[in-house]
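Working notes, structure below.
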Amino acid sequence: MTKTSTATGPDARSHTGPLAGLRVLDLTRLLPGPVCTLHLADLGAEVIKIEDAGAGDYSRTMSIGAAPGEDSYFFRVVNRNKRGMRLDLKQSSGVAVFLRLARDADVIVESFRPGVVDRLGVGYTVVKEINPRIVYCAITGYGQDGPWRDRAGHDINYIATAGVLDQIGNAGEAPAIPNLQIGDLLGGALTAAMGILAAVIGAKATGRGRYVDVAMTDASFAHAYSPLLAMLGRGQTLPRGTDDLNGGLPGYGLYRTQDGRYMAVGALEPKFWQLFCDAIGKPELKPFGLARGSAGTRTRHELDVLFASQPLTHWAARFENVDCGVTPVLTFEEAMAHPQLQARGMLPEVDGLRQFAPPLKMSGLDFAVHSPAPKVGADGTAILREAGYPDAEIDALRNQRVI
């Protein structure tokens, strides 16, 4: 189901998918917005990445490994299957071009601070007057209202504000900074894509679009179910590393092996815990998989000592054929080579790079990279011609540095 070819040339946009025919104007940069529109593009939408006429999307220069004069790996892996143009929205003629493109668009995605697009003259209020069916999505850290709406921030700030960062880490230790950007990706990418698609369905049915206000802090907060359940059930959260699913139960935790690696034990259900105890030769621990207090502490200590007696390879082999939710904690390099992820085609090589495939499979849809990430302004002339601009007017816009 996963195809990894790269189409080029005049037919590069002739692919189909469930979002074929959907036109998206993408004003975002860096990680959250571009990953959102990447998912839309991989599902068949036509995404036009619009960069300003100055620095553009500065992720082009933000990662290790790119040769001088070459776009970064970061930019290339999150902007495939998109078209690109430059447009100076600080010039009135640039605003006019954008609004002309917006007439035929289905979706606009932006990630400026609140109020910026309105000051530029390309905000939702203006666009919906010329295109009532537009779905206009704004991705910000804290949302379009509230006392913190204008604050700067990054992923670490959003998950800190949402109470999520405080819950991540080992008992008695400092919070651990996750190397998967929860706010950016759960919030700015996936939540935005969900909101956009819901609003698009509504627009198809009613002819009226919607404004979609996505705050990465909101999205992080709204998925913190374990702390919420602790508050509802106990009246307070437990300290990090001691709640049921982050170290508080013997049957759900990490255990260090002799060689400094870790095994992930997720034997929560009684049947899995009993299989686990049999596999390690400790049938006397069967009553204590969900134990708290002194019994839980004693059980976790026994497991700490046991796992520390052998290297990771020993324990991985021991549980290879015991289906009880116990697996080695892999490095990312090991995950890249894991047979399950290989079988799912999750890391194809396209455009000269190993890249993530889409995080879902869908019948009738073969994943393919139809075009690599666009060079600066690469498709501007073609996009303007499609919008009805004559070449003389395109030349004039270029001479004025509008495009």
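All residue names refer to the structure tokens as shown: chains lettered A, B, ... in order, residues numbered from 1 in each chain, ligands numbered from 1 in order.
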(message) as a list in words, please: the residues near region 303-320 of chain A (cut-off 8 Å, only C-alpha atoms, same-chain neighbours under 2 positions excluded).
(response) Tyr255, Arg256, Thr257, Gln258, Asp259, Gly260, Arg261, Tyr262, Met263, Ala279, Thr299, Arg300, His301, Val322, Asp323, Val326, Thr327 and Pro328 of chain A
(message) If DSSP is run on the backbone, what residues of region 157-328 of chain A are alpha helix (DSSP H)? A reply as number ranges by chain would be ideal.
(response) A: 157-161, 192-206, 216-221, 225-234, 270-279, 293-307, 312-319
So that I have them on file, write out the residues from the current selection with C-alpha atoms, as a short mmCIF file (atom, residue, chain, number, x, y, z; two decimals), in the first residue's frame.
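Dumped everything to part.cif:
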```
data_model
loop_
_atom_site.label_atom_id
_atom_site.label_comp_id
_atom_site.auth_asym_id
_atom_site.auth_seq_id
_atom_site.Cartn_x
_atom_site.Cartn_y
_atom_site.Cartn_z
CA ASN A 157 6.29 26.73 26.93
CA TYR A 158 2.97 25.38 25.68
CA ILE A 159 3.29 21.99 27.40
CA ALA A 160 4.62 23.71 30.53
CA THR A 161 1.58 26.01 30.63
CA ALA A 192 -5.26 21.86 13.05
CA ALA A 193 -5.66 19.19 10.35
CA MET A 194 -8.66 17.75 12.21
CA GLY A 195 -10.30 21.17 12.51
CA ILE A 196 -9.63 22.03 8.88
CA LEU A 197 -11.10 18.79 7.57
CA ALA A 198 -14.19 19.08 9.77
CA ALA A 199 -14.76 22.64 8.53
CA VAL A 200 -14.19 21.60 4.90
CA ILE A 201 -16.88 18.94 5.21
CA GLY A 202 -19.22 21.57 6.62
CA ALA A 203 -18.39 24.00 3.82
CA LYS A 204 -19.08 21.36 1.19
CA ALA A 205 -22.52 20.80 2.70
CA THR A 206 -23.51 24.40 3.42
CA MET A 216 -1.20 24.51 20.86
CA THR A 217 -1.57 24.98 24.62
CA ASP A 218 -5.27 24.09 24.41
CA ALA A 219 -4.53 20.95 22.42
CA SER A 220 -1.88 19.77 24.88
CA PHE A 221 -4.15 20.48 27.85
CA TYR A 225 -6.34 12.68 30.51
CA SER A 226 -4.26 11.02 33.23
CA PRO A 227 -3.80 14.21 35.29
CA LEU A 228 -7.47 15.10 34.80
CA LEU A 229 -8.59 11.68 35.99
CA ALA A 230 -6.29 12.01 39.01
CA MET A 231 -7.91 15.33 39.87
CA LEU A 232 -11.41 13.88 39.48
CA GLY A 233 -10.68 10.73 41.44
CA ARG A 234 -8.24 11.96 44.10
CA PRO A 270 -4.07 -9.49 34.91
CA LYS A 271 -3.62 -12.07 32.14
CA PHE A 272 -0.55 -10.24 30.82
CA TRP A 273 0.92 -9.73 34.28
CA GLN A 274 0.54 -13.43 35.05
CA LEU A 275 2.32 -14.33 31.78
CA PHE A 276 5.01 -11.83 32.67
CA CYS A 277 5.56 -13.30 36.13
CA ASP A 278 5.79 -16.80 34.68
CA ALA A 279 8.31 -15.63 32.07
CA GLY A 293 2.17 1.61 48.65
CA SER A 294 4.71 -0.68 50.27
CA ALA A 295 3.67 -3.72 48.19
CA GLY A 296 4.14 -1.79 44.98
CA THR A 297 7.50 -0.42 46.10
CA ARG A 298 8.69 -3.88 47.08
CA THR A 299 7.57 -5.38 43.76
CA ARG A 300 9.23 -2.66 41.70
CA HIS A 301 12.45 -3.12 43.69
CA GLU A 302 12.46 -6.87 42.98
CA LEU A 303 12.01 -6.17 39.29
CA ASP A 304 14.73 -3.53 39.34
CA VAL A 305 17.18 -6.06 40.77
CA LEU A 306 16.07 -8.81 38.39
CA PHE A 307 16.30 -6.77 35.18
CA LEU A 312 18.93 -6.09 27.11
CA THR A 313 19.52 -8.87 24.60
CA HIS A 314 18.74 -11.47 27.25
CA TRP A 315 15.42 -9.88 28.16
CA ALA A 316 14.46 -9.16 24.56
CA ALA A 317 14.99 -12.82 23.73
CA ARG A 318 13.11 -13.92 26.86
CA PHE A 319 9.99 -11.97 25.84
#
```
(request) Could you pull out the residues in region 23-131 of chain A that DSSP calls strand (DSSP E or B) from the backbone, as a PyMOL selection string? (result) chain A and resi 23-26+46-51+82-86+107-110
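For the pair CA of Leu89 (chain A) and CA of Thr191 (chain A), the interatomic distance is 26.9 Å.
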(request) Pick out the residues sitting within 8 Å of region 266-268 of chain A, and hand them over as JSON, numbers by chain; count only C-alpha atoms, and ignore anything fewer than 5 positions along from it in its own chain. (result) {"A": [251, 252, 253, 273, 276, 289, 290, 324, 325, 326]}
Can I get the residues of region 259-369 of chain A within 12 Å of region 23-38 of chain A, each with the closest pair of atoms and their distance in Å to one decimal, using only C-alpha atoms, sorted chain first then ascending number, as a tab-separated table?
```
residue	atom	partner	partner_atom	distance
A:Phe356	CA	A:Leu38	CA	11.0
A:Ala357	CA	A:Leu38	CA	10.7
A:Pro358	CA	A:Leu38	CA	8.9
A:Pro359	CA	A:Leu38	CA	11.3
A:Val369	CA	A:Leu38	CA	10.9
```
(message) I'd like to know which of A:Arg151, A:Arg86, A:His370, A:Arg240 is closest to Asp166 (chain A), using only C-alpha atoms.
(response) A:Arg240
Taking only C-alpha atoms into account, produce a table as a Markdown table in which each residue of region 47-118 of chain A with an atom at most 9 Å from an atom of region 124-130 of chain A appears once, together with its shortest atom pair and the distance in Å to one decimal, ordered by chain and rising number.
```
| residue | atom | partner | partner_atom | distance |
| --- | --- | --- | --- | --- |
| A:Leu99 | CA | A:Val127 | CA | 6.9 |
| A:Ala102 | CA | A:Val127 | CA | 6.9 |
| A:Arg103 | CA | A:Ile130 | CA | 6.1 |
| A:Ile108 | CA | A:Tyr124 | CA | 9.0 |
| A:Val117 | CA | A:Tyr124 | CA | 8.2 |
| A:Asp118 | CA | A:Tyr124 | CA | 7.6 |
```
Pull N, CA and C atoms from the residues just selected and write them as a PDB file, in the first residue's frame.
```pdb
ATOM      1  N   LEU A  99      -5.330  37.846  -2.383  1.00  0.00           N
ATOM      2  CA  LEU A  99      -6.793  37.806  -2.374  1.00  0.00           C
ATOM      3  C   LEU A  99      -7.335  37.197  -3.665  1.00  0.00           C
ATOM      4  N   ALA A 102      -6.991  33.643  -3.135  1.00  0.00           N
ATOM      5  CA  ALA A 102      -7.924  33.198  -2.091  1.00  0.00           C
ATOM      6  C   ALA A 102      -9.338  32.986  -2.623  1.00  0.00           C
ATOM      7  N   ARG A 103      -9.681  33.664  -3.718  1.00  0.00           N
ATOM      8  CA  ARG A 103     -11.025  33.488  -4.285  1.00  0.00           C
ATOM      9  C   ARG A 103     -11.300  32.040  -4.668  1.00  0.00           C
ATOM     10  N   ILE A 108      -7.101  28.281   3.983  1.00  0.00           N
ATOM     11  CA  ILE A 108      -5.931  29.106   4.266  1.00  0.00           C
ATOM     12  C   ILE A 108      -5.434  28.720   5.649  1.00  0.00           C
ATOM     13  N   VAL A 117      -2.356  38.951  10.405  1.00  0.00           N
ATOM     14  CA  VAL A 117      -2.968  38.842   9.071  1.00  0.00           C
ATOM     15  C   VAL A 117      -4.015  39.935   8.846  1.00  0.00           C
ATOM     16  N   ASP A 118      -4.677  40.372   9.913  1.00  0.00           N
ATOM     17  CA  ASP A 118      -5.646  41.468   9.776  1.00  0.00           C
ATOM     18  C   ASP A 118      -4.936  42.773   9.424  1.00  0.00           C
TER      19      ASP A 118
END
```
(request) Quick one: everything within 10 Å of Ile394 (chain A), counting only C-alpha atoms, minus sequence neighbours fewer than 5 positions away in the same chain. Send it as an NGL selection string. (result) :A and (380-382 or 384-385 or 389 or 399-400 or 402-403)
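Among A:Leu347, A:Lys90, A:Arg210, A:Asp155, the residue with the shortest atom-to-atom distance to Ala138 (chain A), counting only C-alpha atoms, is A:Arg210.
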(request) Mind giving me the straight-line distance from CA of Asp71 (chain A) to CA of Gly352 (chain A) in Å, one decimal? (result)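 Between CA of Asp71 (chain A) and CA of Gly352 (chain A) the gap is 12.5 Å.
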